[in-house]
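Participant: Before I ask anything, let me first share the structure, which is written out below as structure tokens.
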Amino acid sequence: MGRLNGKKDVRILLVGDPGVGKTSLIFSLVSEEFSEEVPPKAEEITIPPDVTPEKVTTQIVDFSAQEQSDENLFQEIRKSNVICIVYAVDDDDSIEKISSYWLPLIRDQLGEDHTIPIVLVGNKVDLVEYSSLELILPIMNQFSEIETCVECSAKTLKNISELFYYAQKAVLHPTSPLYSSDDRD
Ligand code: GTP
Ligand code: MG
């Protein structure tokens, strides 16, 4: 695992409410086209270093509550180098759950001060005319482990390769401040 400076590999975990499009995002990345029919959970995929922007072996891991237990989820959280919390921009409930469920659950597993970066991923932008960022920015201000956010669409392929690039970059070149605002006097 390459958390600090050994550029070994990056393990990216996708979590988020059912139906937000986690599996579709992975299929769109791999096949460069949208699949209407996807299984609940994508097989774990390994992308060789020569085809990734940062030249590191990258594993992409799906999670589906339909097929996996909470214990499976906890294990995957503890194995990951970066976690993408996926929401659907047209589903306010999936946005609300970022701060009420997913971020607290990840802190429970990794500790309050964990340094595993989080990327917020707003999928299904093809369905709406507005941006979800107004709802997302307060969450980013509240949880310093969030590295960045990106809006994308598995259907139109908008920002799909960018999202996986941001996740790699969050591990290899984190931009978090050395001191969180809580540490300052
Ligand atoms: P679970 O495995 O149950 O947790 O769901 P998931 O997050 O993997 O969602 P999945 O990829 O199965 O997608 C759920 C539904 O949303 C499917 O009908 C997809 O076709 C649809 N979907 C996924 N991505 C997009 C998108 O970008 N735009 C639109 N319009 N629909 C999408
Ligand atoms: Mg799925």
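The chains in the structure tokens are called A, B, ... from first to last as shown; in each chain the residues are counted from 1, and the ligands are counted from 1 in the order shown.
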DSSP on the backbone: what in stretch 12-139 of chain A comes out strand (DSSP E or B), as an mmCIF file with C-alpha atoms, in the first residue's frame?
Facilitator:
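This went into selection.cif:
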data_model
loop_
_atom_site.group_PDB
_atom_site.id
_atom_site.type_symbol
_atom_site.label_atom_id
_atom_site.label_comp_id
_atom_site.auth_asym_id
_atom_site.auth_seq_id
_atom_site.Cartn_x
_atom_site.Cartn_y
_atom_site.Cartn_z
ATOM 1 C CA ILE A 12 -10.064 3.024 -4.328
ATOM 2 C CA LEU A 13 -13.308 2.032 -2.590
ATOM 3 C CA LEU A 14 -16.718 3.246 -3.767
ATOM 4 C CA VAL A 15 -19.462 3.489 -1.157
ATOM 5 C CA GLY A 16 -22.787 5.308 -1.042
ATOM 6 C CA ILE A 45 -10.473 -4.504 -10.959
ATOM 7 C CA THR A 46 -6.770 -3.809 -11.141
ATOM 8 C CA ILE A 47 -5.549 -1.188 -13.580
ATOM 9 C CA THR A 57 -1.290 0.198 -9.985
ATOM 10 C CA THR A 58 -4.854 1.068 -9.111
ATOM 11 C CA GLN A 59 -7.490 -1.205 -7.647
ATOM 12 C CA ILE A 60 -11.128 -0.220 -7.849
ATOM 13 C CA VAL A 61 -13.453 -1.837 -5.348
ATOM 14 C CA VAL A 82 -9.042 6.507 -0.630
ATOM 15 C CA ILE A 83 -12.820 6.307 -0.363
ATOM 16 C CA CYS A 84 -15.270 7.765 -2.864
ATOM 17 C CA ILE A 85 -18.653 8.493 -1.315
ATOM 18 C CA VAL A 86 -21.029 8.447 -4.266
ATOM 19 C CA TYR A 87 -24.377 10.251 -4.177
ATOM 20 C CA ALA A 88 -26.933 10.944 -6.918
ATOM 21 C CA ILE A 118 -12.517 11.112 0.905
ATOM 22 C CA VAL A 119 -13.747 12.160 -2.539
ATOM 23 C CA LEU A 120 -17.421 13.135 -2.848
ATOM 24 C CA VAL A 121 -18.838 11.978 -6.175
ATOM 25 C CA GLY A 122 -22.131 13.409 -7.431
ATOM 26 C CA ASN A 123 -23.357 11.039 -10.129
#
Participant: Find the residues near A:Ile146: any atom within 12 Å, counting only C-alpha atoms, skip ones fewer than 6 places away on the same chain, and give them as a count of residues only.
Facilitator: 31
Participant: Could you go through stretch 17-176 of chain A and tell me which residues DSSP, when run on the backbone, assigns to alpha helix (DSSP H), listing them as a PyMOL selection string?
Facilitator: chain A and resi 22-31+70-79+92-97+103-110+133-142+160-172
Participant: Considering only C-alpha atoms and all ligand atoms, give me a table of residues in chain A that are at most 10 Å from ligand 1, with the closest atom pair and distance in Å for each, as a tab-separated table.
Facilitator:
residue	atom	partner	partner_atom_place_in_ligand_line	distance
A:Leu14	CA	ligand 1	7 (O)	8.7
A:Val15	CA	ligand 1	7 (O)	7.8
A:Gly16	CA	ligand 1	7 (O)	6.6
A:Asp17	CA	ligand 1	4 (O)	5.9
A:Pro18	CA	ligand 1	4 (O)	3.4
A:Gly19	CA	ligand 1	5 (O)	3.6
A:Val20	CA	ligand 1	7 (O)	4.1
A:Gly21	CA	ligand 1	9 (O)	3.3
A:Lys22	CA	ligand 1	7 (O)	3.8
A:Thr23	CA	ligand 1	8 (O)	3.8
A:Ser24	CA	ligand 1	11 (O)	3.7
A:Leu25	CA	ligand 1	24 (N)	6.4
A:Ile26	CA	ligand 1	11 (O)	8.2
A:Phe27	CA	ligand 1	11 (O)	8.3
A:Ser28	CA	ligand 1	24 (N)	8.9
A:Phe34	CA	ligand 1	20 (O)	8.0
A:Ser35	CA	ligand 1	20 (O)	6.9
A:Glu36	CA	ligand 1	20 (O)	4.8
A:Glu37	CA	ligand 1	20 (O)	6.5
A:Val38	CA	ligand 1	12 (O)	5.8
A:Pro39	CA	ligand 1	12 (O)	6.7
A:Pro40	CA	ligand 1	2 (O)	4.0
A:Lys41	CA	ligand 1	2 (O)	5.6
A:Ala42	CA	ligand 1	8 (O)	8.1
A:Asp62	CA	ligand 1	8 (O)	7.6
A:Phe63	CA	ligand 1	4 (O)	6.6
A:Ser64	CA	ligand 1	2 (O)	4.3
A:Ala65	CA	ligand 1	4 (O)	5.9
A:Gln66	CA	ligand 1	3 (O)	5.9
A:Glu67	CA	ligand 1	2 (O)	8.1
A:Gln68	CA	ligand 1	2 (O)	9.8
A:Val86	CA	ligand 1	7 (O)	7.6
A:Tyr87	CA	ligand 1	7 (O)	8.2
A:Ala88	CA	ligand 1	25 (C)	8.2
A:Val89	CA	ligand 1	27 (O)	9.4
A:Asp90	CA	ligand 1	30 (N)	9.4
A:Gly122	CA	ligand 1	27 (O)	9.1
A:Asn123	CA	ligand 1	27 (O)	5.3
A:Lys124	CA	ligand 1	27 (O)	3.5
A:Val125	CA	ligand 1	27 (O)	6.4
A:Asp126	CA	ligand 1	28 (N)	5.7
A:Leu127	CA	ligand 1	30 (N)	5.6
A:Val128	CA	ligand 1	30 (N)	9.2
A:Glu151	CA	ligand 1	27 (O)	9.8
A:Cys152	CA	ligand 1	27 (O)	6.9
A:Ser153	CA	ligand 1	27 (O)	3.6
A:Ala154	CA	ligand 1	27 (O)	3.7
A:Lys155	CA	ligand 1	27 (O)	4.1
A:Thr156	CA	ligand 1	27 (O)	6.6
A:Leu157	CA	ligand 1	27 (O)	7.5
A:Lys158	CA	ligand 1	27 (O)	8.4
A:Ile160	CA	ligand 1	27 (O)	9.6
Participant: Using Å and a single decimal, report how far atom CA of A:Leu110 sits from atom CA of A:Leu73.
Facilitator: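 Distance between the two atoms: 12.4 Å.
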Participant: Leaving out A:Phe74 and any residue of its chain fewer than 4 positions from it, which residues lie within 7 Å of it when counting only C-alpha atoms, given as a list in words?
Facilitator: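 That gives Asp70, Arg78 and Gln109 of chain A.
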Participant: Near A:Lys79, within 9 Å and counting only C-alpha atoms, which residues show up once chain neighbours fewer than 2 positions away are dropped, as a count of residues only?
Facilitator: 8
Participant: Quick check, in Å to one decimal: how far apart do atom CA of A:His173 and atom CA of A:Asp108 lie?
Facilitator: 24.9 Å
